[in-house]
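Notes for the one structure printed next.
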Amino acid sequence: MKILILGAGQLARMMSLAGAPLNLNVVAYDVGSQKIIHPLTNHVYDTTLEQAIADVDAITAEFEHIPDDVLTLCCASNKFYPGKDAIKTGGDRAIEKALLSKTDVSCAPYQLITEKAHLEQAVALLGKPLVIKTCQAGYDGKGQWRLKSDDQIEQIWSEMADFIASGTEQMPHSIIAEQMIPFDREVSIIGARDKSGNTVIYPLTENQHTNGVLTLSVAGKEKSAIQHQAEEAFNKIANELNYVGVLAIEFFDVSGQLLVNELAPRVHNSGHWTQQGTHCSQFENHMRAVAGLPLGNTELKHVSAMINVLGQSAIPHDVLKVPDVTSHWYGKAAKPGRKMGHINVSASSLHELGERLAELAESLPEEQYPGVLATSTSLILN
Ligand code: ATP
Ligand code: MG
């Protein structure tokens with residue numbers, strides 16, 4: 001079976017690696033160069049998007065920011081999963097919030113902004129500090145402002161106005177202001193839904209962000225009540241979207257109550273640990289769902305952690321001396337802050353996971369790999 005993925009980055013690469021043993025052969029559409037390429041070798045095929053759509057059995061996406069005409073073309077083939085509505089929802093925070101309200105899933109109080117008066121209203125109604133985000137085009141904490149005092153309003157508004165003005169009729173730009181949530185921690189749920197509506201859901205993952213970018217995830221710590229809350233939100237949202245494939249939902253945990261931060265209609269960085277921590281990874285389950293195959297086991301096999309490799313030119317080889325560590329390199333050109341690869345580590349208990357993180361910290365300096373030592377300490381002490 002052949003599968004076309006819109007987007008040719010590391011997520012397409014890892015879906016391709018997961019699909020190969022199932023005889024699912026992946027080609028990727030590089031939205032930048034508009035070429036069809038092999039996601040592992042970057043070999044460019046002498047074909048067009050139209051021809052590739054005709055040639056494959058199923059189409060999916062590795063990210064949300066895909067031109068509307070490409071989405072329309074893929075949808076017309078009736079092979080595209082999770083479908084245009086799901087991709088549009090994940091790519092626009094205003095549509096996303098409307099879905100949360102329709103499905104009665106809680107999120108941070110917010111206000112949509114298209115003119116300056118709305119910003120002043122948001123300050124009055126929601127209070128300060130505010131997290132202000134572009135509704136379209138943000139990722140890894142980009143396209144965000146933090147408003148802490150009234151004297152920032154003029155400056156932030158002038159930057160926001162530029163973003164709003166750069167929208168087009170086909171792609172209007174808007175902004176959302178959210179109350180800054182004093183969360184205890186951030187978690188995410190990842191699951192898959194098949195074409196008949198069956199769902200499988202992974203254990204909740206705890207995520208640490210540094211400067212708006214995910215740096216470290218831990219899976220296997222969760223209590224059943226909080227897992228249940230996250231699964232309920234997952235099922236409501238996935239069913240409402242008649243979703244097919246892997247869907248990720250990020251939450252803020254405020255004293256045991258989950259508030260949705262955002263949705264990702266795709267495999268997600270906070271689920272990379274499933275490659276070694278479960279029998280069937282998020283990449284394999286996404287491939288299975290879009291190919292119409294039965295979904296795989298999402299139970300925890302080993303407690304696990306994932307460490308992102310940001311902006312480095314290689315993963316230190318010494319990490320491989322630590323038991324049950326795997327290295328995942330994406331083969332991209334290094335740029336500061338860019339996601340270059342990740343390191344997965346598994347263990348038979350949280351205590352042992354803490355010990356392995358302490359060993360890893362010896363070759364992963366805090367500045368480049370924040371939180372490894374602190375997470376190790378907290379796992380060992382618990
Ligand atoms: P990504 O796509 O990489 O997940 P993003 O750019 O889409 O990131 P968000 O996930 O919305 O952006 O925000 C990035 C981070 O900023 C969050 O993980 C969280 O740490 C912080 N943040 C965002 N919104 C809020 C909020 N309302 N209150 C407190 N912190 C927030
Ligand atoms: Mg996020």
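All residue names refer to the structure tokens as shown: chains lettered A, B, ... in order, residues numbered from 1 in each chain, ligands numbered from 1 in order.
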Item to check | Residue neighbourhood Glu50 (chain A), 12 Å, only C-alpha atoms, exclusion window fewer than 4 positions, as number ranges by chain | outcome: A: 4, 29, 34-36, 54-56, 69-77
Test item: residues lying within 12 Å of ligand 2 with only C-alpha atoms and all ligand atoms, as a compact mmCIF listing (two decimals) with N, CA, C and O atoms, in the first residue's frame:
```txt
# COMPACT_ATOMS: atom_id res chain seq x y z
N GLY A 90 -6.90 22.35 13.71
CA GLY A 90 -5.60 22.40 14.40
C GLY A 90 -4.76 23.58 13.96
O GLY A 90 -3.86 24.00 14.69
N GLY A 91 -5.03 24.13 12.79
CA GLY A 91 -4.21 25.23 12.27
C GLY A 91 -4.76 26.61 12.58
O GLY A 91 -4.20 27.61 12.14
N ARG A 93 -6.42 28.73 15.91
CA ARG A 93 -6.84 28.67 17.32
C ARG A 93 -8.29 29.12 17.51
O ARG A 93 -8.95 28.68 18.46
N LYS A 133 -1.69 35.14 21.30
CA LYS A 133 -1.16 34.23 20.27
C LYS A 133 -1.78 34.53 18.92
O LYS A 133 -2.98 34.84 18.85
N GLY A 138 1.33 29.80 14.21
CA GLY A 138 2.28 29.70 15.34
C GLY A 138 2.76 28.27 15.55
O GLY A 138 2.06 27.33 15.25
N TYR A 139 3.99 28.11 16.01
CA TYR A 139 4.47 26.80 16.46
C TYR A 139 5.68 27.03 17.34
O TYR A 139 6.33 28.08 17.23
N ASP A 140 5.96 26.06 18.22
CA ASP A 140 7.11 26.15 19.11
C ASP A 140 7.20 27.50 19.81
O ASP A 140 8.28 28.09 19.95
N GLY A 141 6.05 28.01 20.25
CA GLY A 141 6.04 29.27 21.00
C GLY A 141 6.26 30.52 20.14
O GLY A 141 6.32 31.63 20.67
N LYS A 142 6.35 30.35 18.81
CA LYS A 142 6.52 31.53 17.94
C LYS A 142 5.16 32.18 17.73
O LYS A 142 4.13 31.52 17.80
N GLY A 143 5.17 33.50 17.43
CA GLY A 143 3.89 34.19 17.23
C GLY A 143 3.14 34.37 18.53
O GLY A 143 1.92 34.21 18.57
N GLN A 144 3.87 34.66 19.61
CA GLN A 144 3.21 34.88 20.91
C GLN A 144 3.77 36.11 21.61
O GLN A 144 4.93 36.46 21.41
N GLU A 186 2.32 20.72 32.63
CA GLU A 186 1.68 20.51 31.34
C GLU A 186 1.70 19.03 31.01
O GLU A 186 2.70 18.35 31.24
N VAL A 187 0.57 18.54 30.47
CA VAL A 187 0.47 17.13 30.07
C VAL A 187 -0.17 17.05 28.69
O VAL A 187 -0.75 18.03 28.22
N SER A 188 -0.04 15.90 28.05
CA SER A 188 -0.73 15.72 26.77
C SER A 188 -1.25 14.30 26.66
O SER A 188 -0.70 13.38 27.26
N ASN A 207 4.92 17.02 30.20
CA ASN A 207 5.82 17.74 29.28
C ASN A 207 6.44 18.97 29.91
O ASN A 207 5.76 19.73 30.58
N GLN A 208 7.73 19.16 29.66
CA GLN A 208 8.41 20.38 30.10
C GLN A 208 8.79 21.20 28.87
O GLN A 208 9.35 20.67 27.91
N HIS A 209 8.45 22.49 28.92
CA HIS A 209 8.80 23.40 27.84
C HIS A 209 9.85 24.40 28.33
O HIS A 209 9.82 24.81 29.48
N THR A 210 10.76 24.76 27.44
CA THR A 210 11.74 25.79 27.76
C THR A 210 11.65 26.83 26.65
O THR A 210 11.77 26.47 25.47
N ASN A 211 11.40 28.08 27.02
CA ASN A 211 11.18 29.14 26.04
C ASN A 211 10.14 28.74 24.98
O ASN A 211 10.34 28.94 23.78
N GLY A 212 9.04 28.13 25.44
CA GLY A 212 7.94 27.79 24.53
C GLY A 212 8.15 26.54 23.70
O GLY A 212 7.29 26.16 22.93
N VAL A 213 9.31 25.85 23.86
CA VAL A 213 9.58 24.65 23.06
C VAL A 213 9.66 23.44 23.97
O VAL A 213 10.27 23.50 25.06
N LEU A 214 9.07 22.32 23.54
CA LEU A 214 9.14 21.09 24.33
C LEU A 214 10.60 20.65 24.46
O LEU A 214 11.31 20.55 23.46
N THR A 215 11.03 20.39 25.69
CA THR A 215 12.40 19.91 25.88
C THR A 215 12.44 18.49 26.44
O THR A 215 13.36 17.74 26.11
N ALA A 248 -3.41 14.59 18.99
CA ALA A 248 -2.77 14.93 20.27
C ALA A 248 -3.48 16.13 20.88
O ALA A 248 -3.90 17.04 20.16
N ILE A 249 -3.63 16.11 22.20
CA ILE A 249 -4.23 17.26 22.91
C ILE A 249 -3.30 17.65 24.05
O ILE A 249 -2.94 16.81 24.88
N GLU A 250 -2.89 18.92 24.07
CA GLU A 250 -2.05 19.44 25.16
C GLU A 250 -2.94 20.09 26.21
O GLU A 250 -3.87 20.81 25.86
N PHE A 251 -2.62 19.85 27.48
CA PHE A 251 -3.40 20.41 28.58
C PHE A 251 -2.51 21.13 29.60
O PHE A 251 -1.34 20.79 29.75
N PHE A 252 -3.17 22.04 30.34
CA PHE A 252 -2.58 22.55 31.58
C PHE A 252 -3.25 21.78 32.71
O PHE A 252 -4.48 21.63 32.72
N VAL A 260 -7.65 22.46 28.28
CA VAL A 260 -6.95 22.24 27.00
C VAL A 260 -6.12 23.47 26.65
O VAL A 260 -6.59 24.61 26.73
N ASN A 261 -4.87 23.26 26.26
CA ASN A 261 -4.07 24.34 25.67
C ASN A 261 -4.28 24.33 24.16
O ASN A 261 -4.76 25.29 23.59
N GLU A 262 -3.93 23.23 23.50
CA GLU A 262 -4.17 23.19 22.05
C GLU A 262 -4.25 21.76 21.54
O GLU A 262 -3.87 20.81 22.23
N LEU A 263 -4.74 21.64 20.29
CA LEU A 263 -4.88 20.34 19.63
C LEU A 263 -3.85 20.24 18.52
O LEU A 263 -3.48 21.24 17.92
N ALA A 264 -3.40 19.02 18.22
CA ALA A 264 -2.57 18.80 17.04
C ALA A 264 -3.15 17.61 16.28
O ALA A 264 -3.18 16.50 16.81
N HIS A 268 2.67 13.67 17.41
CA HIS A 268 3.11 14.86 18.17
C HIS A 268 4.42 14.58 18.89
O HIS A 268 4.68 13.46 19.34
N ASN A 269 5.23 15.61 19.04
CA ASN A 269 6.53 15.50 19.71
C ASN A 269 6.42 14.86 21.10
O ASN A 269 7.29 14.09 21.50
N SER A 270 5.33 15.14 21.80
CA SER A 270 5.22 14.58 23.16
C SER A 270 4.86 13.09 23.14
O SER A 270 4.79 12.46 24.20
```
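Minimum atom-to-atom distances from A:Glu115, A:Asp46, A:Glu355, A:Asp253 to ligand 1 were compared using only C-alpha atoms and all ligand atoms, and the lowest value belongs to A:Asp253.
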Next on the checklist: I'd like the contact shell of region 220-225 of chain A - 12 Å cut-off, only C-alpha atoms, skipping same-chain residues fewer than 6 positions apart - returned as a ChimeraX atom specification.
Outcome noted: /A:187-189,202-207,231-232,253,256-258,273-274,277-278,299-305,346-351,353,378-379,382
Written file, previous selection with C-alpha atoms, as an mmCIF file, in the first residue's frame:
```cif
data_model
loop_
_atom_site.group_PDB
_atom_site.id
_atom_site.type_symbol
_atom_site.label_atom_id
_atom_site.label_comp_id
_atom_site.auth_asym_id
_atom_site.auth_seq_id
_atom_site.Cartn_x
_atom_site.Cartn_y
_atom_site.Cartn_z
ATOM 1 C CA VAL A 187 0.473 17.129 30.072
ATOM 2 C CA SER A 188 -0.732 15.723 26.767
ATOM 3 C CA ILE A 189 -2.896 12.844 25.623
ATOM 4 C CA TYR A 202 -1.770 6.164 25.222
ATOM 5 C CA PRO A 203 -0.961 6.937 28.868
ATOM 6 C CA LEU A 204 -0.787 10.665 29.610
ATOM 7 C CA THR A 205 2.606 12.302 29.080
ATOM 8 C CA GLU A 206 4.058 15.042 31.310
ATOM 9 C CA ASN A 207 5.824 17.736 29.285
ATOM 10 C CA GLU A 231 -9.461 10.365 27.645
ATOM 11 C CA GLU A 232 -12.930 11.850 27.976
ATOM 12 C CA ASP A 253 -3.016 20.651 34.861
ATOM 13 C CA GLY A 256 -5.923 18.075 39.042
ATOM 14 C CA GLN A 257 -8.295 19.859 36.621
ATOM 15 C CA LEU A 258 -7.286 19.720 32.964
ATOM 16 C CA TRP A 273 8.528 8.073 23.686
ATOM 17 C CA THR A 274 5.912 5.579 22.359
ATOM 18 C CA GLY A 277 7.648 2.707 25.633
ATOM 19 C CA THR A 278 4.755 0.848 23.945
ATOM 20 C CA GLU A 299 -0.484 0.175 26.843
ATOM 21 C CA LEU A 300 2.671 1.229 28.617
ATOM 22 C CA LYS A 301 5.420 -1.352 28.142
ATOM 23 C CA HIS A 302 8.092 0.635 30.016
ATOM 24 C CA VAL A 303 8.043 3.954 31.853
ATOM 25 C CA SER A 304 9.865 6.296 29.503
ATOM 26 C CA ALA A 305 11.320 9.723 28.952
ATOM 27 C CA SER A 346 12.976 3.435 29.154
ATOM 28 C CA ALA A 347 13.154 1.655 32.515
ATOM 29 C CA SER A 348 11.297 -0.859 34.657
ATOM 30 C CA SER A 349 10.358 1.702 37.348
ATOM 31 C CA LEU A 350 10.218 5.474 37.783
ATOM 32 C CA HIS A 351 13.131 5.199 40.209
ATOM 33 C CA LEU A 353 14.197 5.943 34.991
ATOM 34 C CA SER A 378 12.431 14.281 41.297
ATOM 35 C CA LEU A 379 11.881 10.739 39.944
ATOM 36 C CA ASN A 382 9.437 9.985 44.581
#
```
Item to check | For Leu11 (chain A): contacts at 9 Å, only C-alpha atoms, fewer than 5 positions along chain excluded, given as number ranges by chain | outcome: A: 16, 62-63, 266-269, 283, 330
Checklist entry - Between A:Ser174, A:Gln227, A:Gln111, A:Ser158, which has the minimum distance to ligand 1 (counting only C-alpha atoms and all ligand atoms)? => result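 Smallest separation from ligand 1 among the options: A:Gln111.
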Checklist entry - Could you state the separation of CA of Phe234 (chain A) and CA of Cys135 (chain A) in Å, given to one decimal place? => result 21.5 Å
Checklist entry - Which residues in region 59-240 of chain A does DSSP call helix (DSSP H, G or I)? List them as a ChimeraX atom specification. => result /A:68-76,84-90,93-102,116-126,150-165,224-240
Checklist outcome for this item: Residue with the minimum atom-to-atom distance to ligand 1, picked from A:Leu241, A:Leu126, A:Met171, A:Met14 with only C-alpha atoms and all ligand atoms counted, is A:Leu126
Next on the checklist: Using only C-alpha atoms for the distances, tell me which of A:Ile226, A:Val131, A:Leu125, A:Ile153 is nearest to Ile181 (chain A).
Outcome noted: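 Among A:Ile226, A:Val131, A:Leu125, A:Ile153, it is A:Val131 that comes nearest to Ile181 (chain A).
The residue that comes closest to ligand 1, out of A:Ile164, A:Met1, A:Ala238, A:Cys107 and on the basis of only C-alpha atoms and all ligand atoms, is A:Cys107.
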Item to check | For ligand 1, the nearest of the candidates A:Lys102, A:Arg356, A:His317, A:Lys97, counting only C-alpha atoms and all ligand atoms | outcome: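 Going through A:Lys102, A:Arg356, A:His317, A:Lys97 one by one, the smallest distance to ligand 1 is for A:Lys97.
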Checklist entry - What gap, in Å, lies between CA of Ile315 (chain A) and atom 3 (O, counted along the ligand's line) of ligand 1? => result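 If I compute the distance from CA of Ile315 (chain A) to atom 3 (O, counted along the ligand's line) of ligand 1, I get 21.2 Å.
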Checklist entry - Leaving out Leu295 (chain A) and any residue of its chain fewer than 3 positions from it, which residues lie within 10 Å of it when counting only C-alpha atoms, given as a list in words? => result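 Contacts, in chain order: Ala192, Arg193, Asp194, Asn198, Thr199, Val200, Gly245, Cys280, Glu284, Asn285, His286, Met287, Arg288, Ala289, Gly292 and Thr298 of chain A.
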Just C-alpha atoms for this one: save the residues we selected as a PDB file, in the first residue's frame.
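Output (result.pdb):
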```
ATOM      1  CA  ALA A 192      -5.762   7.067  17.517  1.00  0.00           C
ATOM      2  CA  ARG A 193      -9.229   6.615  16.011  1.00  0.00           C
ATOM      3  CA  ASP A 194      -9.940   4.259  13.134  1.00  0.00           C
ATOM      4  CA  ASN A 198     -12.752   2.684  17.534  1.00  0.00           C
ATOM      5  CA  THR A 199     -10.203   4.522  19.670  1.00  0.00           C
ATOM      6  CA  VAL A 200      -6.990   3.548  21.448  1.00  0.00           C
ATOM      7  CA  GLY A 245      -5.562   8.891  12.652  1.00  0.00           C
ATOM      8  CA  CYS A 280       2.709   0.086  18.826  1.00  0.00           C
ATOM      9  CA  GLU A 284       2.616   3.046  13.522  1.00  0.00           C
ATOM     10  CA  ASN A 285      -0.898   3.645  14.854  1.00  0.00           C
ATOM     11  CA  HIS A 286      -1.308   6.691  12.622  1.00  0.00           C
ATOM     12  CA  MET A 287      -0.194   4.671   9.590  1.00  0.00           C
ATOM     13  CA  ARG A 288      -2.513   1.802  10.582  1.00  0.00           C
ATOM     14  CA  ALA A 289      -5.504   4.155  11.007  1.00  0.00           C
ATOM     15  CA  GLY A 292      -7.601   1.079   7.323  1.00  0.00           C
ATOM     16  CA  THR A 298      -1.149   1.565  23.357  1.00  0.00           C
TER      17      THR A 298
END
```
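For the atom pair formed by CA of Val246 (chain A) and CA of His173 (chain A), the distance is 27.1 Å, given to one decimal.
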Checklist entry - Where in region 4-112 of chain A does DSSP assign strand (DSSP E), given as a ChimeraX atom specification? => result /A:4-6,25-30,35-37,58-61,110-112
Near Glu178 (chain A), counting only C-alpha atoms, which residues have an atom at most 7 Å away, once you skip same-chain residues fewer than 3 positions from it, shown as a PDB file with all heavy atoms, in the first residue's frame?
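Generated file (around27.pdb):
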```pdb
ATOM      1  N   ALA A 108      -8.534  27.661  28.665  1.00  0.00           N
ATOM      2  CA  ALA A 108      -8.300  28.946  29.339  1.00  0.00           C
ATOM      3  C   ALA A 108      -9.312  29.974  28.819  1.00  0.00           C
ATOM      4  O   ALA A 108      -9.617  29.984  27.629  1.00  0.00           O
ATOM      5  CB  ALA A 108      -6.881  29.423  29.042  1.00  0.00           C
ATOM      6  N   PRO A 109      -9.814  30.865  29.725  1.00  0.00           N
ATOM      7  CA  PRO A 109     -10.683  31.944  29.242  1.00  0.00           C
ATOM      8  C   PRO A 109      -9.949  32.781  28.186  1.00  0.00           C
ATOM      9  O   PRO A 109      -8.755  33.032  28.326  1.00  0.00           O
ATOM     10  CB  PRO A 109     -10.935  32.773  30.506  1.00  0.00           C
ATOM     11  CG  PRO A 109     -10.686  31.842  31.643  1.00  0.00           C
ATOM     12  CD  PRO A 109      -9.619  30.898  31.166  1.00  0.00           C
ATOM     13  N   TYR A 110     -10.669  33.187  27.131  1.00  0.00           N
ATOM     14  CA  TYR A 110      -9.996  33.848  26.009  1.00  0.00           C
ATOM     15  C   TYR A 110     -10.882  34.899  25.363  1.00  0.00           C
ATOM     16  O   TYR A 110     -12.084  34.956  25.617  1.00  0.00           O
ATOM     17  CB  TYR A 110      -9.596  32.808  24.952  1.00  0.00           C
ATOM     18  CG  TYR A 110     -10.777  32.143  24.282  1.00  0.00           C
ATOM     19  CD1 TYR A 110     -11.326  32.659  23.103  1.00  0.00           C
ATOM     20  CD2 TYR A 110     -11.360  31.007  24.846  1.00  0.00           C
ATOM     21  CE1 TYR A 110     -12.425  32.043  22.499  1.00  0.00           C
ATOM     22  CE2 TYR A 110     -12.456  30.400  24.252  1.00  0.00           C
ATOM     23  CZ  TYR A 110     -12.984  30.920  23.076  1.00  0.00           C
ATOM     24  OH  TYR A 110     -14.075  30.321  22.494  1.00  0.00           O
ATOM     25  N   GLN A 111     -10.258  35.671  24.509  1.00  0.00           N
ATOM     26  CA  GLN A 111     -10.988  36.679  23.734  1.00  0.00           C
ATOM     27  C   GLN A 111     -10.330  36.776  22.367  1.00  0.00           C
ATOM     28  O   GLN A 111      -9.093  36.853  22.262  1.00  0.00           O
ATOM     29  CB  GLN A 111     -10.899  38.009  24.488  1.00  0.00           C
ATOM     30  CG  GLN A 111     -11.091  39.236  23.661  1.00  0.00           C
ATOM     31  CD  GLN A 111     -12.401  39.969  24.010  1.00  0.00           C
ATOM     32  OE1 GLN A 111     -12.879  39.895  25.149  1.00  0.00           O
ATOM     33  NE2 GLN A 111     -12.966  40.642  23.039  1.00  0.00           N
ATOM     34  N   LEU A 130      -1.572  38.325  30.288  1.00  0.00           N
ATOM     35  CA  LEU A 130      -2.239  37.651  29.174  1.00  0.00           C
ATOM     36  C   LEU A 130      -1.198  36.972  28.298  1.00  0.00           C
ATOM     37  O   LEU A 130      -0.096  37.478  28.142  1.00  0.00           O
ATOM     38  CB  LEU A 130      -2.985  38.677  28.312  1.00  0.00           C
ATOM     39  CG  LEU A 130      -4.234  39.330  28.881  1.00  0.00           C
ATOM     40  CD1 LEU A 130      -4.740  40.394  27.896  1.00  0.00           C
ATOM     41  CD2 LEU A 130      -5.329  38.302  29.159  1.00  0.00           C
ATOM     42  N   VAL A 131      -1.575  35.831  27.745  1.00  0.00           N
ATOM     43  CA  VAL A 131      -0.757  35.212  26.696  1.00  0.00           C
ATOM     44  C   VAL A 131      -1.497  35.488  25.403  1.00  0.00           C
ATOM     45  O   VAL A 131      -2.666  35.111  25.264  1.00  0.00           O
ATOM     46  CB  VAL A 131      -0.630  33.689  26.907  1.00  0.00           C
ATOM     47  CG1 VAL A 131       0.253  33.077  25.830  1.00  0.00           C
ATOM     48  CG2 VAL A 131      -0.063  33.385  28.282  1.00  0.00           C
ATOM     49  N   ILE A 132      -0.836  36.189  24.490  1.00  0.00           N
ATOM     50  CA  ILE A 132      -1.494  36.572  23.242  1.00  0.00           C
ATOM     51  C   ILE A 132      -0.853  35.785  22.114  1.00  0.00           C
ATOM     52  O   ILE A 132       0.375  35.709  22.023  1.00  0.00           O
ATOM     53  CB  ILE A 132      -1.355  38.096  23.025  1.00  0.00           C
ATOM     54  CG1 ILE A 132      -2.014  38.808  24.216  1.00  0.00           C
ATOM     55  CG2 ILE A 132      -1.999  38.523  21.717  1.00  0.00           C
ATOM     56  CD1 ILE A 132      -1.787  40.295  24.252  1.00  0.00           C
TER      57      ILE A 132
END
```
Checklist entry - Excluding same-chain residues fewer than 3 positions from Lys321 (chain A), what lies within 12 Å of it counting only C-alpha atoms, as a ChimeraX atom specification? => result /A:316-318,324-327,345,356,359-360,362-363
Limited to C-alpha atoms, could you put the picked residues into a file as a CSV table (one decimal), in the first residue's frame?
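Here's the written file again31.csv:
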```csv
chain,number,residue,atom,x,y,z
A,316,PRO,CA,26.5,12.6,21.9
A,317,HIS,CA,27.5,8.9,21.4
A,318,ASP,CA,28.0,8.4,25.1
A,324,ASP,CA,17.6,1.1,27.2
A,325,VAL,CA,18.5,4.4,25.5
A,326,THR,CA,17.8,5.0,21.8
A,327,SER,CA,18.9,7.8,19.5
A,345,VAL,CA,15.1,6.2,27.6
A,356,ARG,CA,19.1,6.5,33.9
A,359,GLU,CA,23.6,9.0,33.9
A,360,LEU,CA,22.4,10.7,30.7
A,362,GLU,CA,26.6,13.4,32.4
A,363,SER,CA,26.8,13.7,28.7
```
